[in-house]
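> If it helps, the file is called entry-v5.cif and holds mmCIF, C-alpha atoms and all ligand atoms:
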```cif
data_run
loop_
_atom_site.group_PDB
_atom_site.id
_atom_site.type_symbol
_atom_site.label_atom_id
_atom_site.label_comp_id
_atom_site.auth_asym_id
_atom_site.auth_seq_id
_atom_site.Cartn_x
_atom_site.Cartn_y
_atom_site.Cartn_z
ATOM 1 C CA MET A 1 9.823 5.160 17.980
ATOM 2 C CA ASN A 2 6.221 5.169 16.817
ATOM 3 C CA ASP A 3 4.145 2.065 16.762
ATOM 4 C CA THR A 4 0.868 2.033 14.865
ATOM 5 C CA GLN A 5 -0.376 -0.760 17.146
ATOM 6 C CA SER A 6 -0.493 1.560 20.126
ATOM 7 C CA GLY A 7 -2.903 4.131 18.754
ATOM 8 C CA PRO A 8 -3.448 6.461 15.848
ATOM 9 C CA GLU A 9 -0.317 8.126 14.612
ATOM 10 C CA THR A 10 -0.575 11.667 13.299
ATOM 11 C CA GLY A 11 1.640 14.195 11.548
ATOM 12 C CA ALA A 12 3.958 13.965 8.591
ATOM 13 C CA THR A 13 6.012 10.825 8.033
ATOM 14 C CA GLU A 14 9.786 10.676 8.005
ATOM 15 C CA LEU A 15 10.981 8.010 5.598
ATOM 16 C CA VAL A 16 14.381 6.335 5.471
ATOM 17 C CA VAL A 17 15.162 3.909 2.643
ATOM 18 C CA GLU A 18 18.471 2.040 2.842
ATOM 19 C CA ASP A 19 20.075 -0.247 0.314
ATOM 20 C CA LEU A 20 16.726 -1.240 -1.181
ATOM 21 C CA ARG A 21 17.108 -4.116 -3.613
ATOM 22 C CA VAL A 22 14.301 -5.738 -5.538
ATOM 23 C CA ALA A 23 14.648 -8.758 -7.798
ATOM 24 C CA ILE A 24 12.075 -10.512 -9.938
ATOM 25 C CA GLY A 25 12.728 -13.924 -11.455
ATOM 26 C CA GLY A 26 16.404 -13.773 -10.503
ATOM 27 C CA THR A 27 16.930 -10.387 -12.165
ATOM 28 C CA GLU A 28 17.786 -7.495 -9.892
ATOM 29 C CA ILE A 29 15.679 -4.436 -10.774
ATOM 30 C CA LEU A 30 16.604 -2.053 -7.951
ATOM 31 C CA HIS A 31 20.305 -2.096 -7.138
ATOM 32 C CA GLY A 32 20.639 -0.649 -3.650
ATOM 33 C CA VAL A 33 18.540 2.500 -3.478
ATOM 34 C CA SER A 34 19.096 4.747 -0.436
ATOM 35 C CA PHE A 35 17.440 8.058 0.359
ATOM 36 C CA SER A 36 15.534 9.791 3.065
ATOM 37 C CA LEU A 37 12.595 12.099 3.292
ATOM 38 C CA GLU A 38 12.135 14.525 6.146
ATOM 39 C CA ALA A 39 8.726 14.881 7.734
ATOM 40 C CA GLY A 40 6.698 17.305 5.622
ATOM 41 C CA GLU A 41 9.164 17.336 2.733
ATOM 42 C CA ARG A 42 8.089 17.108 -0.928
ATOM 43 C CA LEU A 43 10.378 14.836 -2.884
ATOM 44 C CA GLY A 44 10.331 14.266 -6.628
ATOM 45 C CA ILE A 45 11.524 11.003 -8.185
ATOM 46 C CA ILE A 46 12.362 11.374 -11.835
ATOM 47 C CA GLY A 47 13.794 9.063 -14.454
ATOM 48 C CA GLY A 48 13.154 7.538 -17.836
ATOM 49 C CA SER A 49 10.889 4.606 -18.576
ATOM 50 C CA GLY A 50 11.913 1.409 -16.775
ATOM 51 C CA SER A 51 14.374 3.183 -14.461
ATOM 52 C CA GLY A 52 12.792 1.756 -11.295
ATOM 53 C CA LYS A 53 10.631 4.636 -10.064
ATOM 54 C CA THR A 54 7.433 2.645 -9.734
ATOM 55 C CA MET A 55 9.203 -0.351 -8.170
ATOM 56 C CA THR A 56 10.561 1.974 -5.495
ATOM 57 C CA ALA A 57 7.060 3.292 -4.745
ATOM 58 C CA LEU A 58 5.611 -0.221 -4.667
ATOM 59 C CA ALA A 59 8.357 -1.369 -2.293
ATOM 60 C CA ILE A 60 7.594 1.525 0.075
ATOM 61 C CA ALA A 61 3.872 0.735 -0.022
ATOM 62 C CA GLY A 62 4.405 -3.015 0.371
ATOM 63 C CA LEU A 63 2.742 -3.639 -2.975
ATOM 64 C CA LEU A 64 5.500 -5.425 -4.895
ATOM 65 C CA PRO A 65 4.422 -8.378 -7.023
ATOM 66 C CA ARG A 66 4.319 -11.645 -5.041
ATOM 67 C CA GLU A 67 7.238 -13.075 -6.985
ATOM 68 C CA ALA A 68 9.534 -10.178 -6.070
ATOM 69 C CA THR A 69 12.266 -10.600 -3.479
ATOM 70 C CA VAL A 70 13.230 -7.534 -1.550
ATOM 71 C CA SER A 71 16.052 -6.622 0.836
ATOM 72 C CA GLY A 72 17.318 -3.539 2.601
ATOM 73 C CA SER A 73 15.266 -1.310 4.806
ATOM 74 C CA VAL A 74 12.266 1.017 4.506
ATOM 75 C CA ARG A 75 11.490 2.801 7.764
ATOM 76 C CA ALA A 76 8.549 5.135 8.287
ATOM 77 C CA ASN A 77 8.932 7.142 11.507
ATOM 78 C CA GLY A 78 11.434 4.562 12.662
ATOM 79 C CA ARG A 79 9.245 1.543 11.983
ATOM 80 C CA GLU A 80 10.569 -1.088 9.576
ATOM 81 C CA LEU A 81 8.025 -1.769 6.838
ATOM 82 C CA LEU A 82 9.860 -4.526 4.956
ATOM 83 C CA GLY A 83 8.819 -7.910 6.288
ATOM 84 C CA LEU A 84 5.484 -6.816 7.758
ATOM 85 C CA THR A 85 2.531 -9.111 7.142
ATOM 86 C CA ASP A 86 -0.034 -8.269 4.451
ATOM 87 C CA ARG A 87 -2.476 -7.368 7.174
ATOM 88 C CA GLU A 88 -0.117 -4.966 8.917
ATOM 89 C CA LEU A 89 0.771 -3.377 5.589
ATOM 90 C CA ALA A 90 -2.867 -3.002 4.571
ATOM 91 C CA ALA A 91 -3.524 -1.127 7.816
ATOM 92 C CA ILE A 92 -0.577 1.195 7.201
ATOM 93 C CA ARG A 93 -1.639 1.811 3.603
ATOM 94 C CA GLY A 94 -5.190 2.710 4.567
ATOM 95 C CA ASP A 95 -4.122 4.881 7.419
ATOM 96 C CA ARG A 96 -0.596 6.269 7.070
ATOM 97 C CA ILE A 97 0.265 6.064 3.364
ATOM 98 C CA GLY A 98 -2.077 7.535 0.768
ATOM 99 C CA MET A 99 -1.531 6.605 -2.868
ATOM 100 C CA VAL A 100 -2.422 8.391 -6.083
ATOM 101 C CA PHE A 101 -1.838 6.903 -9.529
ATOM 102 C CA GLN A 102 -1.665 8.117 -13.089
ATOM 103 C CA GLU A 103 -5.090 7.076 -14.173
ATOM 104 C CA PRO A 104 -7.762 7.457 -11.513
ATOM 105 C CA LYS A 105 -10.024 5.263 -13.641
ATOM 106 C CA THR A 106 -7.940 2.281 -12.539
ATOM 107 C CA ALA A 107 -7.916 3.342 -8.879
ATOM 108 C CA LEU A 108 -11.640 4.058 -8.801
ATOM 109 C CA SER A 109 -14.331 1.492 -9.371
ATOM 110 C CA PRO A 110 -16.627 2.480 -12.266
ATOM 111 C CA PHE A 111 -19.652 1.084 -10.429
ATOM 112 C CA ARG A 112 -19.589 3.013 -7.161
ATOM 113 C CA ARG A 113 -20.374 6.617 -6.402
ATOM 114 C CA LEU A 114 -17.395 8.892 -5.877
ATOM 115 C CA GLY A 115 -18.515 9.890 -2.362
ATOM 116 C CA VAL A 116 -18.483 6.248 -1.257
ATOM 117 C CA GLN A 117 -15.051 5.673 -2.744
ATOM 118 C CA MET A 118 -13.637 8.859 -1.272
ATOM 119 C CA THR A 119 -14.570 7.722 2.234
ATOM 120 C CA GLU A 120 -13.524 4.074 1.962
ATOM 121 C CA ALA A 121 -10.433 4.275 4.196
ATOM 122 C CA LEU A 122 -12.303 6.381 6.729
ATOM 123 C CA ALA A 123 -15.185 3.949 6.886
ATOM 124 C CA LEU A 124 -12.733 1.091 7.434
ATOM 125 C CA HIS A 125 -11.142 2.808 10.398
ATOM 126 C CA TYR A 126 -14.107 4.456 12.058
ATOM 127 C CA HIS A 127 -17.644 3.315 12.379
ATOM 128 C CA LEU A 128 -19.401 5.955 10.308
ATOM 129 C CA GLY A 129 -23.155 6.175 9.946
ATOM 130 C CA ARG A 130 -24.661 7.020 6.570
ATOM 131 C CA ASP A 131 -25.035 10.729 7.311
ATOM 132 C CA GLN A 132 -21.553 11.016 8.813
ATOM 133 C CA ARG A 133 -20.076 9.341 5.770
ATOM 134 C CA ARG A 134 -21.922 11.724 3.480
ATOM 135 C CA GLU A 135 -20.731 14.706 5.512
ATOM 136 C CA ALA A 136 -17.156 13.373 5.363
ATOM 137 C CA ALA A 137 -17.410 12.957 1.585
ATOM 138 C CA LEU A 138 -18.633 16.531 1.174
ATOM 139 C CA ARG A 139 -15.877 17.858 3.425
ATOM 140 C CA LEU A 140 -13.222 15.935 1.484
ATOM 141 C CA ALA A 141 -14.650 17.083 -1.845
ATOM 142 C CA ARG A 142 -14.327 20.693 -0.682
ATOM 143 C CA GLN A 143 -10.809 20.072 0.620
ATOM 144 C CA VAL A 144 -9.648 18.904 -2.783
ATOM 145 C CA GLY A 145 -11.285 21.854 -4.530
ATOM 146 C CA LEU A 146 -14.107 19.972 -6.228
ATOM 147 C CA ARG A 147 -16.747 22.440 -7.296
ATOM 148 C CA ASP A 148 -20.343 21.392 -6.806
ATOM 149 C CA PRO A 149 -19.500 18.767 -4.172
ATOM 150 C CA GLU A 150 -23.163 17.746 -3.746
ATOM 151 C CA ARG A 151 -23.241 16.547 -7.344
ATOM 152 C CA ILE A 152 -19.758 15.064 -7.369
ATOM 153 C CA VAL A 153 -20.189 12.824 -4.333
ATOM 154 C CA ARG A 154 -23.263 11.255 -5.942
ATOM 155 C CA ALA A 155 -21.637 10.894 -9.381
ATOM 156 C CA TYR A 156 -19.970 7.807 -10.862
ATOM 157 C CA PRO A 157 -16.411 8.196 -12.192
ATOM 158 C CA HIS A 158 -17.461 8.327 -15.860
ATOM 159 C CA GLU A 159 -19.816 11.217 -15.134
ATOM 160 C CA VAL A 160 -17.029 13.656 -14.228
ATOM 161 C CA SER A 161 -13.936 15.013 -15.999
ATOM 162 C CA GLY A 162 -10.423 13.524 -15.769
ATOM 163 C CA GLY A 163 -9.278 16.340 -13.480
ATOM 164 C CA GLN A 164 -12.287 15.877 -11.198
ATOM 165 C CA ARG A 165 -11.648 12.122 -11.091
ATOM 166 C CA GLN A 166 -8.058 12.742 -10.051
ATOM 167 C CA ARG A 167 -9.234 15.163 -7.347
ATOM 168 C CA ALA A 168 -11.661 12.494 -6.111
ATOM 169 C CA ALA A 169 -8.843 9.904 -6.082
ATOM 170 C CA ILE A 170 -6.705 12.348 -4.079
ATOM 171 C CA ALA A 171 -9.605 12.852 -1.663
ATOM 172 C CA ALA A 172 -9.726 9.065 -1.175
ATOM 173 C CA ALA A 173 -5.970 8.993 -0.592
ATOM 174 C CA ILE A 174 -6.028 11.709 2.073
ATOM 175 C CA SER A 175 -9.288 10.719 3.784
ATOM 176 C CA ALA A 176 -7.612 8.992 6.732
ATOM 177 C CA SER A 177 -5.040 11.835 7.116
ATOM 178 C CA PRO A 178 -1.965 9.908 5.981
ATOM 179 C CA GLY A 179 1.516 11.082 6.937
ATOM 180 C CA LEU A 180 2.840 10.241 3.477
ATOM 181 C CA LEU A 181 1.319 10.668 0.031
ATOM 182 C CA LEU A 182 2.856 8.549 -2.726
ATOM 183 C CA ALA A 183 1.894 9.827 -6.163
ATOM 184 C CA ASP A 184 2.960 7.912 -9.279
ATOM 185 C CA GLU A 185 2.643 10.020 -12.460
ATOM 186 C CA PRO A 186 -0.432 11.718 -10.987
ATOM 187 C CA THR A 187 -0.828 14.276 -13.772
ATOM 188 C CA THR A 188 0.436 12.437 -16.853
ATOM 189 C CA ALA A 189 -3.074 11.773 -18.153
ATOM 190 C CA LEU A 190 -4.189 15.383 -17.703
ATOM 191 C CA ASP A 191 -3.806 18.478 -19.838
ATOM 192 C CA VAL A 192 -1.405 21.176 -18.687
ATOM 193 C CA THR A 193 -3.907 23.534 -17.053
ATOM 194 C CA VAL A 194 -5.600 20.768 -15.093
ATOM 195 C CA GLN A 195 -2.144 19.410 -14.210
ATOM 196 C CA ARG A 196 -1.159 22.732 -12.634
ATOM 197 C CA GLY A 197 -4.255 22.730 -10.433
ATOM 198 C CA ILE A 198 -3.568 19.180 -9.227
ATOM 199 C CA LEU A 199 0.063 19.990 -8.402
ATOM 200 C CA GLU A 200 -1.041 23.091 -6.477
ATOM 201 C CA LEU A 201 -3.435 20.859 -4.587
ATOM 202 C CA PHE A 202 -0.567 18.546 -3.546
ATOM 203 C CA THR A 203 1.375 21.528 -2.224
ATOM 204 C CA GLU A 204 -1.685 22.757 -0.348
ATOM 205 C CA ILE A 205 -2.366 19.339 1.170
ATOM 206 C CA THR A 206 1.197 18.785 2.346
ATOM 207 C CA ASP A 207 1.317 22.261 3.920
ATOM 208 C CA ARG A 208 -2.131 22.122 5.472
ATOM 209 C CA ASP A 209 -2.374 18.521 6.581
ATOM 210 C CA GLU A 210 1.200 17.934 7.728
ATOM 211 C CA CYS A 211 1.969 15.289 5.204
ATOM 212 C CA SER A 212 5.101 14.315 3.259
ATOM 213 C CA LEU A 213 4.967 13.768 -0.495
ATOM 214 C CA VAL A 214 6.822 11.493 -2.897
ATOM 215 C CA CYS A 215 5.900 12.396 -6.462
ATOM 216 C CA ILE A 216 7.090 10.130 -9.274
ATOM 217 C CA THR A 217 7.209 11.538 -12.767
ATOM 218 C CA HIS A 218 9.138 11.483 -16.029
ATOM 219 C CA ASP A 219 8.516 15.225 -16.394
ATOM 220 C CA ILE A 220 10.981 17.603 -14.764
ATOM 221 C CA ALA A 221 8.450 20.438 -15.070
ATOM 222 C CA VAL A 222 6.208 18.519 -12.653
ATOM 223 C CA VAL A 223 9.088 18.141 -10.203
ATOM 224 C CA ASN A 224 9.794 21.850 -10.483
ATOM 225 C CA GLN A 225 6.210 22.694 -9.605
ATOM 226 C CA VAL A 226 5.678 20.314 -6.741
ATOM 227 C CA ALA A 227 8.960 19.192 -5.160
ATOM 228 C CA GLU A 228 11.708 20.715 -3.050
ATOM 229 C CA ARG A 229 14.240 17.972 -3.637
ATOM 230 C CA VAL A 230 14.652 15.432 -6.404
ATOM 231 C CA LEU A 231 16.170 11.995 -6.960
ATOM 232 C CA VAL A 232 17.151 11.073 -10.508
ATOM 233 C CA PHE A 233 16.813 7.373 -11.353
ATOM 234 C CA ALA A 234 18.480 5.409 -14.132
ATOM 235 C CA ASP A 235 18.806 1.621 -14.472
ATOM 236 C CA GLY A 236 17.451 0.870 -11.007
ATOM 237 C CA GLN A 237 19.738 3.297 -9.184
ATOM 238 C CA ILE A 238 19.818 6.891 -8.013
ATOM 239 C CA VAL A 239 22.326 8.636 -10.262
ATOM 240 C CA GLU A 240 21.935 12.167 -8.958
ATOM 241 C CA GLN A 241 20.075 14.000 -6.219
ATOM 242 C CA GLY A 242 19.763 17.465 -4.787
ATOM 243 C CA SER A 243 17.475 20.458 -4.435
ATOM 244 C CA VAL A 244 15.303 20.990 -7.497
ATOM 245 C CA ARG A 245 17.018 24.310 -8.056
ATOM 246 C CA GLU A 246 20.524 22.853 -7.987
ATOM 247 C CA ILE A 247 19.604 20.033 -10.302
ATOM 248 C CA LEU A 248 17.909 22.336 -12.785
ATOM 249 C CA GLU A 249 20.765 24.809 -12.784
ATOM 250 C CA ARG A 250 23.636 22.337 -12.804
ATOM 251 C CA PRO A 251 22.527 18.888 -13.955
ATOM 252 C CA ALA A 252 25.600 16.678 -13.651
ATOM 253 C CA HIS A 253 24.365 13.387 -15.077
ATOM 254 C CA ALA A 254 23.583 12.782 -18.744
ATOM 255 C CA VAL A 255 20.170 11.337 -17.807
ATOM 256 C CA THR A 256 19.232 14.515 -15.936
ATOM 257 C CA GLN A 257 20.426 16.645 -18.836
ATOM 258 C CA ALA A 258 18.302 14.584 -21.219
ATOM 259 C CA LEU A 259 15.222 14.919 -18.993
ATOM 260 C CA ILE A 260 15.677 18.688 -18.905
ATOM 261 C CA ALA A 261 16.151 18.787 -22.668
ATOM 262 C CA ALA A 262 12.964 16.705 -23.058
ATOM 263 C CA ALA A 263 11.055 19.377 -21.136
ATOM 264 C CA GLY A 264 12.183 21.919 -23.708
ATOM 265 C CA GLY A 265 15.279 23.039 -21.814
ATOM 266 C CA GLU A 266 13.262 25.009 -19.304
ATOM 267 C CA ALA A 267 11.239 23.312 -16.663
ATOM 268 C CA ALA A 268 9.198 26.177 -15.289
HETATM 269 N N1 LIG A 301 6.282 -7.629 -12.791
HETATM 270 C C1 LIG A 301 7.508 -7.458 -13.313
HETATM 271 N N2 LIG A 301 8.290 -8.519 -13.620
HETATM 272 C C2 LIG A 301 9.526 -8.370 -14.113
HETATM 273 N N3 LIG A 301 10.091 -7.173 -14.352
HETATM 274 C C3 LIG A 301 9.382 -6.080 -14.079
HETATM 275 C C4 LIG A 301 8.045 -6.156 -13.553
HETATM 276 N N4 LIG A 301 7.585 -4.894 -13.388
HETATM 277 C C5 LIG A 301 8.581 -4.080 -13.804
HETATM 278 N N5 LIG A 301 9.650 -4.773 -14.215
HETATM 279 C C6 LIG A 301 10.926 -4.213 -14.716
HETATM 280 O O1 LIG A 301 11.486 -3.424 -13.685
HETATM 281 C C7 LIG A 301 12.165 -2.295 -14.219
HETATM 282 C C8 LIG A 301 11.710 -1.048 -13.497
HETATM 283 O O2 LIG A 301 10.340 -0.821 -13.753
HETATM 284 P P1 LIG A 301 9.525 0.383 -13.136
HETATM 285 O O3 LIG A 301 8.079 0.134 -13.443
HETATM 286 O O4 LIG A 301 9.894 0.605 -11.729
HETATM 287 O O5 LIG A 301 10.053 1.605 -14.018
HETATM 288 P P2 LIG A 301 9.567 3.107 -14.058
HETATM 289 O O6 LIG A 301 10.772 3.926 -13.824
HETATM 290 O O7 LIG A 301 8.422 3.334 -13.142
HETATM 291 O O8 LIG A 301 9.137 3.269 -15.558
HETATM 292 P P3 LIG A 301 7.794 3.848 -16.230
HETATM 293 O O9 LIG A 301 7.969 5.332 -16.226
HETATM 294 O O10 LIG A 301 7.834 3.275 -17.599
HETATM 295 O O11 LIG A 301 6.642 3.372 -15.413
HETATM 296 C C9 LIG A 301 11.868 -2.302 -15.715
HETATM 297 O O12 LIG A 301 13.017 -2.796 -16.361
HETATM 298 C C10 LIG A 301 10.714 -3.254 -15.870
HETATM 299 O O13 LIG A 301 10.795 -3.932 -17.097
#
```
How does the structure come out when it is put into structure tokens?
Ligand SMILES: Nc1ncnc2c1ncn2[C@@H]1O[C@H](COP(=O)(O)OP(=O)(O)OP(=O)(O)O)[C@@H](O)[C@H]1O


Amino acid sequence: MNDTQSGPETGATELVVEDLRVAIGGTEILHGVSFSLEAGERLGIIGGSGSGKTMTALAIAGLLPREATVSGSVRANGRELLGLTDRELAAIRGDRIGMVFQEPKTALSPFRRLGVQMTEALALHYHLGRDQRREAALRLARQVGLRDPERIVRAYPHEVSGGQRQRAAIAAAISASPGLLLADEPTTALDVTVQRGILELFTEITDRDECSLVCITHDIAVVNQVAERVLVFADGQIVEQGSVREILERPAHAVTQALIAAAGGEAA
């Protein structure tokens, strides 16, 4: 079993979620969610609005609202994450779990240069001098395919395009070489061409950096581009799961069929 206390952990994360239940204000929102993710696997989570996708991601990251009660088990490389202190969870989030959200504007501060924000987690974990931090920012910018990295690392979020902002947010998420990337609707705010580039980047990162991926989306076309396996959520439960191919070819549940129909019947 790995223990993040005993030194830096590397490599892709294996995740096991068992009977995860989340309630807020006495109302159960997640009704016993169980799934696992092999190290290095790319998993899609799909479902309609309010089906519990985001709650699942927040539970894994230890970011549920204070008033939520949670039970079950979330183990990353054998280590139980439910019940850890805020401090322990913050360390894991900075180091082992990278997160990417729909709108990088909310993840990035408008007042700080992108290079500084991209290297935040790194700077927290290692004592980086000014020049080292700048070098790290440039390296990360190149890794996420940002053209003109010299300009981008000095720019503020509003000075670059939506796609570039999302690439910068991804750079921030992978800066400390996490074993797991959790992406919640990472391309919803982007047009289709930019979306494709971002999804290719996720595939590249997971292959190159030995990292697992959980990608949450309402769009089955996104799952088809980025994931190997998919969980379908409805009403706080997993209603269907399988390889993306199986699910696309033979969707068994009405919710899955509706999601495929919403993507125009073909998800490629
Ligand atoms: N802070 C909260 N307090 C109470 N209920 C909440 C809270 N946040 C979310 N919920 C409820 O939990 C359920 C699941 O929400 P969740 O955000 O996980 O859905 P989702 O599948 O991510 O949907 P979307 O695609 O719209 O983001 C919804 O019924 C929602 O109304």

> Enumerate residues in contact with ligand LIG 301 (chain A): an atom-to-atom distance of at most 10 Å, counting all atoms listed in the file. Format the result as an MDAnalysis selection string.

chainID A and resid 22:30 45:59 64:68 102 184:185 216:219 233:236

> Can you work out the spacing between atom CA of Arg79 of chain A and atom CA of Leu199 of chain A in Å, to one decimal?

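Spanning atom CA of Arg79 of chain A to atom CA of Leu199 of chain A is a straight-line distance of 29.0 Å.
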
> Quick one: apply the PyMOL selection byres (((chain A and resi 169) around 9) and not hetatm) to the file and drop the selected residues here as a ChimeraX atom specification.

/A:99-101,104-105,107-108,114,117-118,164-168,170-174

> Tell me, as a list in words, which residues lie within 8 Å of Glu150 of chain A, counting only C-alpha atoms; anything in the same chain fewer than 3 positions away does not count.

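Within the cut-off, the hits are Leu138, Val153 and Arg154 of chain A.
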
> With only C-alpha atoms counted, which protein, DNA or RNA residues have an atom no more than 7 Å from (11.3, 15.8, -5.3) in the file frame? Please answer as a ChimeraX atom specification.

/A:42-45,214-215,223,227-231,244

> When you look at segment 177-179 of chain A with a cut-off of 12 Å (counting all atoms listed in the file), what residues show up, excluding the ones that are within fewer than 5 positions of it in the same chain? I need them as a PyMOL selection string.

chain A and resi 8-15+37-42+76-77+91-99+119+121-122+125+140+143+170-172+205-214

> Would you mind reading off the distance between atom CA of Ala61 of chain A and atom CA of Val74 of chain A, one decimal, in Å?

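Atom CA of Ala61 of chain A sits 9.5 Å away from atom CA of Val74 of chain A.
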
> Atom CA of Ala141 of chain A to atom CA of Asp191 of chain A: how many Å, to one decimal?

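The value is 21.1 Å.
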
> Which of these residues is nearest to Ser243 of chain A, using only C-alpha atoms: A:Thr203, A:Asn224, A:Thr256, A:Ser109?

A:Asn224

> Around segment 190-203 of chain A, fit a box with edges along x, y and z, padding it by 5 Å on each side, then list its centre and edge lengths in Å to one decimal as AutoDock Vina command-line options.


```
--center_x -2.1 --center_y 19.5 --center_z -11.0 --size_x 17.0 --size_y 18.2 --size_z 27.6
```
